[in-house]
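Data from upload-v7.cif: mmCIF, C-alpha atoms
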data_upload
#
loop_
_atom_site.label_atom_id
_atom_site.label_comp_id
_atom_site.auth_asym_id
_atom_site.auth_seq_id
_atom_site.Cartn_x
_atom_site.Cartn_y
_atom_site.Cartn_z
CA MET A 26 0.00 0.00 0.00
CA TRP A 27 2.89 2.30 0.65
CA LEU A 28 4.62 1.76 -2.64
CA PRO A 29 2.24 3.87 -4.76
CA ILE A 30 2.55 6.76 -2.34
CA ILE A 31 6.32 6.51 -2.43
CA GLY A 32 6.10 6.41 -6.21
CA LEU A 33 3.98 9.53 -6.25
CA ILE A 34 6.37 11.39 -3.98
CA LEU A 35 9.29 10.21 -6.09
CA GLY A 36 7.54 11.45 -9.22
CA VAL A 37 6.80 14.83 -7.70
CA PHE A 38 10.40 15.23 -6.64
CA ALA A 39 11.63 14.13 -10.03
CA GLY A 40 9.31 16.60 -11.69
CA LEU A 41 10.41 19.42 -9.42
CA LEU A 42 14.05 18.59 -10.01
CA LEU A 43 13.59 18.34 -13.75
CA ASP A 44 11.95 21.75 -13.69
CA ILE A 45 9.55 21.10 -16.53
CA ARG A 46 7.51 24.07 -17.51
CA VAL A 47 4.62 23.85 -19.89
CA PRO A 48 3.62 26.93 -21.86
CA PRO A 49 0.49 28.40 -20.29
CA GLU A 50 -1.50 27.81 -23.48
CA TYR A 51 -1.20 24.10 -22.88
CA GLY A 52 -2.10 24.34 -19.22
CA ASN A 53 -5.60 23.10 -19.97
CA TYR A 54 -4.33 19.90 -21.47
CA LEU A 55 -2.04 19.29 -18.59
CA SER A 56 -4.73 19.78 -15.99
CA ILE A 57 -6.96 17.33 -17.80
CA ALA A 58 -4.11 14.89 -18.06
CA VAL A 59 -3.62 15.16 -14.32
CA LEU A 60 -7.29 14.52 -13.71
CA ALA A 61 -7.38 11.59 -16.09
CA SER A 62 -4.36 10.01 -14.53
CA LEU A 63 -5.67 10.53 -11.01
CA ASP A 64 -8.92 8.93 -12.10
CA THR A 65 -7.06 5.97 -13.51
CA VAL A 66 -5.01 5.49 -10.38
CA PHE A 67 -7.95 5.63 -8.06
CA GLY A 68 -9.81 3.31 -10.38
CA GLY A 69 -6.85 0.97 -10.21
CA ILE A 70 -6.75 1.09 -6.44
CA ARG A 71 -10.46 0.39 -6.26
CA ALA A 72 -10.23 -2.52 -8.66
CA ASN A 73 -7.31 -3.85 -6.70
CA LEU A 74 -9.31 -3.71 -3.49
CA GLN A 75 -12.23 -5.41 -5.21
CA GLN A 76 -9.88 -8.10 -6.54
CA GLN A 77 -10.72 -7.21 -10.12
CA PHE A 78 -7.46 -5.61 -11.03
CA ASP A 79 -6.25 -6.17 -14.55
CA VAL A 80 -2.91 -4.71 -15.49
CA LYS A 81 -3.83 -4.38 -19.15
CA VAL A 82 -7.01 -2.49 -18.39
CA PHE A 83 -5.13 -0.30 -15.97
CA VAL A 84 -2.24 0.67 -18.19
CA THR A 85 -4.31 1.13 -21.32
CA GLY A 86 -6.83 3.08 -19.30
CA PHE A 87 -4.19 5.47 -18.10
CA PHE A 88 -2.84 6.31 -21.51
CA PHE A 89 -6.13 6.15 -23.37
CA ASN A 90 -8.02 8.32 -20.89
CA THR A 91 -5.27 10.90 -20.80
CA LEU A 92 -5.08 11.03 -24.56
CA LEU A 93 -8.83 11.13 -24.98
CA ALA A 94 -9.11 14.00 -22.54
CA ALA A 95 -6.41 15.92 -24.35
CA VAL A 96 -8.08 15.27 -27.69
CA LEU A 97 -11.41 16.45 -26.27
CA ALA A 98 -9.82 19.62 -24.98
CA PHE A 99 -8.11 20.19 -28.31
CA LEU A 100 -11.34 19.68 -30.22
CA GLY A 101 -13.18 21.91 -27.81
CA ILE A 102 -10.79 24.76 -28.41
CA TYR A 103 -11.23 24.51 -32.15
CA LEU A 104 -15.00 24.07 -32.04
CA GLY A 105 -15.51 26.85 -29.58
CA VAL A 106 -17.25 24.50 -27.18
CA ASP A 107 -15.63 23.96 -23.84
CA LEU A 108 -15.48 20.24 -24.31
CA TYR A 109 -12.75 19.91 -21.74
CA LEU A 110 -15.40 20.69 -19.16
CA ALA A 111 -17.03 17.41 -20.16
CA ALA A 112 -13.79 15.62 -19.45
CA ILE A 113 -13.34 17.41 -16.15
CA PHE A 114 -16.91 16.60 -15.18
CA ALA A 115 -16.66 12.95 -16.14
CA PHE A 116 -13.33 12.45 -14.45
CA GLY A 117 -14.39 14.42 -11.41
CA VAL A 118 -17.51 12.34 -10.90
CA ARG A 119 -15.62 9.11 -11.41
CA LEU A 120 -12.90 10.26 -9.07
CA PHE A 121 -15.40 10.91 -6.32
CA ASN A 122 -17.15 7.60 -6.99
CA ASN A 123 -13.93 5.68 -6.88
CA ILE A 124 -12.76 7.37 -3.73
CA ALA A 125 -16.13 6.72 -2.09
CA ILE A 126 -15.96 3.05 -2.99
CA ILE A 127 -12.37 2.82 -1.75
CA ARG A 128 -13.39 4.48 1.47
CA ARG A 129 -16.25 2.04 1.97
CA ILE A 130 -14.10 -0.97 1.30
CA LEU A 131 -11.41 0.26 3.64
CA LEU A 132 -14.02 1.08 6.27
CA SER A 133 -15.53 -2.37 6.11
CA LYS A 134 -12.05 -3.88 6.30
CA TRP A 135 -11.29 -1.81 9.37
CA THR A 136 -14.53 -2.55 11.15
CA ARG A 137 -14.91 -6.22 10.33
CA PRO A 138 -11.97 -7.60 12.32
CA SER A 139 -12.97 -5.65 15.40
CA SER A 140 -16.58 -6.68 15.33
CA MET B 22 -0.78 -12.21 -3.53
CA ASN B 23 1.79 -12.05 -6.25
CA LYS B 24 -0.69 -10.51 -8.60
CA LYS B 25 -1.55 -7.91 -6.03
CA ARG B 26 2.07 -6.97 -5.63
CA TYR B 27 2.40 -6.70 -9.37
CA ALA B 28 -0.57 -4.39 -9.38
CA MET B 29 1.02 -2.26 -6.72
CA PHE B 30 4.18 -1.95 -8.77
CA MET B 31 2.13 -0.96 -11.79
CA ILE B 32 0.23 1.64 -9.84
CA SER B 33 3.48 2.97 -8.44
CA GLY B 34 4.95 3.31 -11.90
CA ILE B 35 1.96 5.24 -13.13
CA ASN B 36 2.11 7.27 -9.95
CA VAL B 37 5.63 8.36 -10.73
CA MET B 38 4.36 9.68 -14.05
CA ILE B 39 1.48 11.41 -12.35
CA GLY B 40 3.92 12.96 -9.93
CA ILE B 41 5.95 14.35 -12.78
CA ILE B 42 2.83 15.72 -14.46
CA LEU B 43 1.68 17.22 -11.18
CA ALA B 44 5.02 18.86 -10.62
CA ALA B 45 5.00 20.24 -14.14
CA GLN B 46 1.51 21.58 -13.60
CA PHE B 47 2.51 23.07 -10.30
CA GLN B 48 5.54 24.75 -11.76
CA THR B 49 3.57 26.07 -14.69
CA TYR B 50 0.93 27.68 -12.58
CA TYR B 51 2.68 28.46 -9.38
CA SER B 52 4.71 31.42 -10.40
CA PRO B 53 5.21 33.37 -7.23
CA ASP B 54 4.44 36.75 -8.63
CA GLN B 55 5.28 38.77 -5.64
CA GLN B 56 3.32 41.87 -5.17
CA GLU B 57 5.54 44.86 -5.30
CA SER B 58 5.36 46.14 -1.76
CA ARG B 59 8.57 48.08 -1.54
CA ASP B 60 8.25 51.79 -1.26
CA THR B 61 10.25 54.34 -3.17
CA ILE B 62 12.96 54.69 -0.59
CA GLN B 63 13.49 51.00 -0.40
CA LEU B 64 13.48 50.68 -4.15
CA ARG B 65 16.05 53.40 -4.38
CA ARG B 66 18.18 51.69 -1.81
CA ASP B 67 17.91 48.42 -3.73
CA LEU B 68 18.79 50.20 -6.92
CA GLN B 69 21.76 51.75 -5.20
CA LYS B 70 22.86 48.35 -4.05
CA GLU B 71 22.51 46.88 -7.51
CA MET B 72 24.42 49.78 -9.00
CA GLU B 73 27.21 49.24 -6.54
CA ARG B 74 27.26 45.63 -7.53
CA HIS B 75 27.34 46.62 -11.15
CA GLN B 76 30.26 48.90 -10.42
CA GLN B 77 32.03 46.10 -8.68
CA LEU B 78 31.44 43.74 -11.55
CA LEU B 79 32.77 46.31 -13.96
CA ALA B 80 35.85 46.70 -11.80
CA ASP B 81 36.22 42.93 -11.85
CA ILE B 82 35.98 42.87 -15.59
CA SER B 83 38.62 45.54 -16.02
CA ARG B 84 40.86 43.77 -13.55
CA TYR B 85 40.57 40.52 -15.43
CA GLU B 86 41.11 42.25 -18.70
CA LEU B 87 44.27 43.76 -17.34
CA LEU B 88 45.31 40.33 -16.17
CA LEU B 89 44.60 38.88 -19.55
CA TYR B 90 46.57 41.61 -21.14
CA GLN B 91 49.48 40.98 -18.83
CA TYR B 92 49.37 37.29 -19.53
CA GLU B 93 49.35 37.96 -23.21
CA THR B 94 52.19 40.40 -23.08
CA THR B 95 54.40 38.29 -20.88
CA ALA B 96 53.70 34.91 -22.39
CA THR B 97 53.97 35.84 -25.99
CA GLU B 98 57.42 37.09 -26.58
CA GLN B 99 57.57 34.87 -29.60
CA ASP B 100 53.98 34.77 -30.75
CA THR B 101 53.53 38.48 -30.89
CA LEU B 102 52.56 38.01 -34.45
CA SER B 103 49.65 35.74 -33.63
CA ILE B 104 48.44 38.12 -30.95
CA MET B 105 48.62 40.92 -33.40
CA LYS B 106 46.74 38.89 -35.94
CA GLU B 107 44.09 38.14 -33.38
CA GLU B 108 43.81 41.78 -32.55
CA LEU B 109 43.59 42.62 -36.20
CA GLU B 110 40.72 40.16 -36.53
CA GLN B 111 38.98 41.78 -33.62
CA ILE B 112 39.44 45.23 -35.01
CA LYS B 113 38.29 44.00 -38.38
CA SER B 114 35.07 42.68 -36.94
CA PHE B 115 34.61 45.90 -35.03
CA ALA B 116 35.18 48.00 -38.08
CA GLY B 117 32.99 45.81 -40.22
CA TYR B 118 35.63 44.18 -42.38
CA ALA B 119 34.87 40.70 -41.14
CA PRO B 120 31.58 38.84 -41.10
CA VAL B 121 29.96 38.57 -37.70
CA ARG B 122 27.63 35.90 -36.40
CA GLY B 123 25.54 35.83 -33.29
CA GLU B 124 22.01 36.05 -32.04
CA GLY B 125 19.89 39.00 -32.93
CA LEU B 126 16.94 40.27 -34.86
CA VAL B 127 15.82 40.41 -38.43
CA ILE B 128 13.69 43.44 -39.09
CA ARG B 129 11.74 43.70 -42.30
CA ILE B 130 10.20 46.84 -43.62
CA ALA B 131 7.70 46.14 -46.34
CA GLU B 132 4.96 47.93 -48.18
CA ASP B 133 1.72 47.79 -46.26
CA LYS B 134 -1.36 48.90 -48.11
CA HIS B 135 -3.82 50.38 -45.73
CA SER B 136 -5.64 53.63 -45.50
CA ASN B 137 -4.32 55.41 -42.54
CA GLY B 138 -6.37 58.51 -42.91
CA PHE B 139 -3.39 60.71 -43.48
CA VAL B 140 -2.51 60.06 -47.06
CA ASP B 141 -4.76 58.81 -49.80
CA ASP B 142 -3.00 57.58 -52.85
CA ILE B 143 0.33 59.22 -52.62
CA PRO B 144 2.94 56.53 -52.24
CA VAL B 145 4.95 57.47 -49.23
CA MET B 146 8.56 56.61 -49.43
CA ILE B 147 10.96 55.74 -46.78
CA ILE B 148 13.71 58.28 -46.77
CA ASP B 149 17.22 57.99 -45.54
CA GLU B 150 16.37 59.57 -42.24
CA ASP B 151 13.89 56.83 -41.41
CA LEU B 152 16.50 54.15 -41.84
CA MET B 153 19.03 56.22 -39.97
CA THR B 154 16.64 56.67 -37.09
CA LEU B 155 16.12 52.95 -36.94
CA ALA B 156 19.82 52.19 -37.17
CA ASN B 157 20.74 54.74 -34.55
CA GLU B 158 18.07 53.50 -32.21
CA LEU B 159 19.41 49.99 -32.56
CA TYR B 160 23.02 51.02 -32.12
CA TYR B 161 22.09 53.07 -29.12
CA ASN B 162 20.52 50.00 -27.56
CA GLY B 163 23.48 47.74 -27.91
CA ALA B 164 23.49 46.48 -31.48
CA ARG B 165 26.91 45.15 -32.28
CA ALA B 166 26.65 44.77 -36.01
CA MET B 167 24.05 45.63 -38.55
CA SER B 168 23.35 45.22 -42.21
CA ILE B 169 20.65 46.62 -44.43
CA ASN B 170 19.79 44.43 -47.41
CA GLY B 171 23.16 42.78 -47.08
CA HIS B 172 25.14 46.00 -46.86
CA ARG B 173 27.15 46.13 -43.72
CA LEU B 174 26.88 49.29 -41.75
CA THR B 175 30.20 50.59 -40.58
CA ALA B 176 31.30 53.77 -38.95
CA MET B 177 31.75 55.28 -42.38
CA THR B 178 28.58 54.03 -44.00
CA SER B 179 26.46 56.54 -45.78
CA ILE B 180 22.70 56.20 -45.90
CA ARG B 181 21.30 58.86 -48.14
CA ASN B 182 18.61 59.68 -50.59
CA VAL B 183 19.63 59.77 -54.18
CA GLY B 184 16.73 60.62 -56.41
CA GLN B 185 13.91 58.22 -55.63
CA GLN B 186 16.09 55.70 -53.92
CA ILE B 187 18.10 55.23 -50.84
CA GLN B 188 21.72 54.41 -51.31
CA ILE B 189 23.79 52.66 -48.76
CA ASN B 190 27.49 52.92 -49.32
CA SER B 191 26.48 54.28 -52.70
CA TYR B 192 24.59 51.08 -53.56
CA PRO B 193 20.92 51.62 -54.25
CA ILE B 194 18.57 49.47 -52.17
CA GLN B 195 14.95 48.59 -52.79
CA LEU B 196 11.97 47.75 -50.68
CA PRO B 197 11.49 45.47 -48.81
CA TYR B 198 14.32 46.38 -46.56
CA GLU B 199 15.78 43.68 -44.43
CA ILE B 200 17.82 44.83 -41.51
CA LYS B 201 19.88 42.28 -39.65
CA VAL B 202 21.08 43.20 -36.22
CA ILE B 203 23.32 41.33 -33.85
CA GLY B 204 22.83 42.07 -30.21
CA ASP B 205 20.70 41.16 -27.25
CA PRO B 206 17.35 40.36 -28.93
CA GLN B 207 15.29 41.31 -25.90
CA ALA B 208 16.94 44.68 -25.50
CA LEU B 209 16.69 45.46 -29.19
CA MET B 210 13.09 44.32 -29.36
CA SER B 211 12.10 46.50 -26.46
CA ALA B 212 14.08 49.38 -27.90
CA ILE B 213 12.03 49.15 -31.07
CA GLN B 214 8.86 49.03 -29.01
CA ILE B 215 9.78 51.94 -26.82
CA ALA B 216 10.93 54.10 -29.69
CA GLY B 217 7.53 53.57 -31.28
CA LEU B 218 9.06 52.49 -34.57
CA HIS B 219 6.09 50.35 -35.52
CA ASP B 220 3.86 53.40 -35.46
CA TYR B 221 6.53 55.47 -37.08
CA PHE B 222 6.54 53.23 -40.12
CA TYR B 223 2.80 52.58 -39.99
CA VAL B 224 2.12 56.24 -40.62
CA ILE B 225 4.08 56.07 -43.87
CA ASN B 226 2.31 52.91 -45.01
CA LYS B 227 5.09 50.53 -44.17
CA LYS B 228 5.00 47.48 -42.04
CA LEU B 229 7.71 46.62 -39.62
CA THR B 230 8.12 42.96 -38.73
CA VAL B 231 10.65 41.91 -36.19
CA GLU B 232 11.88 38.37 -35.95
CA GLU B 233 14.19 36.91 -33.38
CA ARG B 234 16.89 34.55 -34.60
CA GLU B 235 19.40 32.41 -32.82
CA ILE B 236 22.07 32.77 -35.42
CA ILE B 237 22.47 35.69 -37.73
CA VAL B 238 25.40 36.14 -40.04
CA ILE B 239 26.20 39.66 -41.06
CA PRO B 240 28.48 39.98 -44.05
CA ALA B 241 31.63 42.02 -44.09
CA TYR B 242 31.90 45.45 -45.55
CA ARG B 243 32.58 44.86 -49.19
CA GLU B 244 34.50 47.93 -50.14
CA LEU B 245 38.18 48.30 -49.69
CA GLN B 246 39.24 50.47 -46.88
CA ASN B 247 39.50 53.92 -48.20
CA ALA B 248 42.22 55.11 -45.95
CA ARG B 249 43.34 57.65 -48.43
CA PHE B 250 45.68 59.63 -46.30
CA LEU B 251 46.92 56.85 -44.14
CA GLN B 252 50.09 55.29 -45.34
CA PRO B 253 52.37 52.63 -43.96
CA LEU B 254 55.79 53.73 -42.91
CA THR B 255 57.66 50.99 -44.68
CA ASP B 256 57.31 50.27 -48.35
CA GLY B 257 56.09 46.73 -47.75
CA ASN B 258 52.78 45.75 -49.28
CA GLY B 259 51.20 44.74 -45.98
CA SER B 260 49.03 47.81 -45.96
CA SER B 261 45.92 46.38 -47.54
CA SER B 262 44.84 43.16 -45.96
#

The structure in this file should be written as structure tokens.
Amino acid sequence: MWLPIIGLILGVFAGLLLDIRVPPEYGNYLSIAVLASLDTVFGGIRANLQQQFDVKVFVTGFFFNTLLAAVLAFLGIYLGVDLYLAAIFAFGVRLFNNIAIIRRILLSKWTRPSS
Amino acid sequence: MNKKRYAMFMISGINVMIGIILAAQFQTYYSPDQQESRDTIQLRRDLQKEMERHQQLLADISRYELLLYQYETTATEQDTLSIMKEELEQIKSFAGYAPVRGEGLVIRIAEDKHSNGFVDDIPVMIIDEDLMTLANELYYNGARAMSINGHRLTAMTSIRNVGQQIQINSYPIQLPYEIKVIGDPQALMSAIQIAGLHDYFYVINKKLTVEEREIIVIPAYRELQNARFLQPLTDGNGSSS
């Protein structure tokens, strides 16, 4: 359980050390990418807790979702419709769902041994 | 159990990527734009401090230059010739007799058809003074070398109107003018902005486009030196190089 957190911290440090800066025009894409990846990770954690984890689904989900979100944002900019809001909405809802499910599973795991 | 561990490794790997993305995002958006809260006195004091530092750095530079000079003079009893050649090269590039390369700007002045309300159909020409203004402004702001349509500007360059044309070094040039400048692009760019040169040329129906380039090569001055009254002491033919 600790490994992913260590990985995240490692990534953040690596990113800070690498000092990557994205031009502000592309900030939208990046924020969506962050959301998509967070969604994927929480989805992965949930699936793992529910014993349904599939590496292929997980890895493809990460890249595909991120790409799809970026494509949506790109399209949205050219069509004049804020399509990236759709991505943010979808990912946001799923994120909350996943976190809620994770919380419930963890809660039941915590309470069951004591009861 | 093994599968679960594998999953954890996978999630960790993706997490590293997410961390990098997050950090990038953070660095993109978190630019600590400090509010300017210093008052005038403090600003002046800071400026004073920076100026002192500048002075010190200048002193350092001159000290090192002296050192360099000393090294060169002491160490080169026998390669005086090469030092002199080097110096000649330097002077040549200063005077415009050698091509120069470096980062700088390419400024284009082209015809821009628009009605500006001032003139109707009269074609407005660029005259020598316009180009001189531009050149002087650039030199004043740290341009190290300049050429207009491939003609190197030197200390002795003439830019003048002859009939309907502008002649540079007595070569006629035509629109569009392309001015290549070597120098700090930012400083030059802002100099052009501050001097209001865009508007200056807009009024006479010309369009000024400025382009920043990493590498600009400015050709040498093509004419022979016309040092008419300067003559070498010896009769050797080393005078014109």

Practice prompt. Report as a ChimeraX atom specification the full result of the PyMOL selection byres ((chain B) within 9 of (chain A)) when it is applied to this structure.
Written response: /B:24-25,27-50

Those residues with C-alpha atoms, as a compact mmCIF listing (two decimals), keeping the file's coordinate frame please?
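File part_31.txt, as written:
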# COMPACT_ATOMS: atom_id res chain seq x y z
CA LYS B 24 -0.69 -10.51 -8.60
CA LYS B 25 -1.55 -7.91 -6.03
CA TYR B 27 2.40 -6.70 -9.37
CA ALA B 28 -0.57 -4.39 -9.38
CA MET B 29 1.02 -2.26 -6.72
CA PHE B 30 4.18 -1.95 -8.77
CA MET B 31 2.13 -0.96 -11.79
CA ILE B 32 0.23 1.64 -9.84
CA SER B 33 3.48 2.97 -8.44
CA GLY B 34 4.95 3.31 -11.90
CA ILE B 35 1.96 5.24 -13.13
CA ASN B 36 2.11 7.27 -9.95
CA VAL B 37 5.63 8.36 -10.73
CA MET B 38 4.36 9.68 -14.05
CA ILE B 39 1.48 11.41 -12.35
CA GLY B 40 3.92 12.96 -9.93
CA ILE B 41 5.95 14.35 -12.78
CA ILE B 42 2.83 15.72 -14.46
CA LEU B 43 1.68 17.22 -11.18
CA ALA B 44 5.02 18.86 -10.62
CA ALA B 45 5.00 20.24 -14.14
CA GLN B 46 1.51 21.58 -13.60
CA PHE B 47 2.51 23.07 -10.30
CA GLN B 48 5.54 24.75 -11.76
CA THR B 49 3.57 26.07 -14.69
CA TYR B 50 0.93 27.68 -12.58

Worksheet entry | Separation of CA of Ala216 in chain B from CA of Gly163 in chain B in Å |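 These atoms are spaced 14.2 Å apart.
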
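Separating CA of Pro193 in chain B from CA of Glu150 in chain B is a distance of 15.1 Å.
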
Worksheet item: In Å, how far is it from CA of Ala241 in chain B to CA of Lys113 in chain B?
Response: 9.0 Å

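Excluding Asn122 in chain A itself and same-chain residues fewer than 6 positions from it, the residues having an atom within 10 Å of it are A:Asp64, A:Phe67, A:Gly68, A:Arg71, A:Phe116, A:Arg128, counting all atoms listed in the file.
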
Discussion item. Could you list, as JSON, numbers by chain, every residue matched by the PyMOL selection byres ((chain A and resi 112) around 12) in this structure?
Written reply: {"A": [53, 54, 56, 57, 58, 59, 60, 61, 64, 90, 91, 92, 93, 94, 95, 96, 97, 98, 99, 100, 101, 107, 108, 109, 110, 111, 113, 114, 115, 116, 117, 118, 119, 120]}

Worksheet item: So which residues get picked by the PyMOL selection byres ((chain B and resi 174) around 10) here, written as a PyMOL selection string?
Response: chain B and resi 116-117+156+166-169+171-173+175-180+189-190+239-242
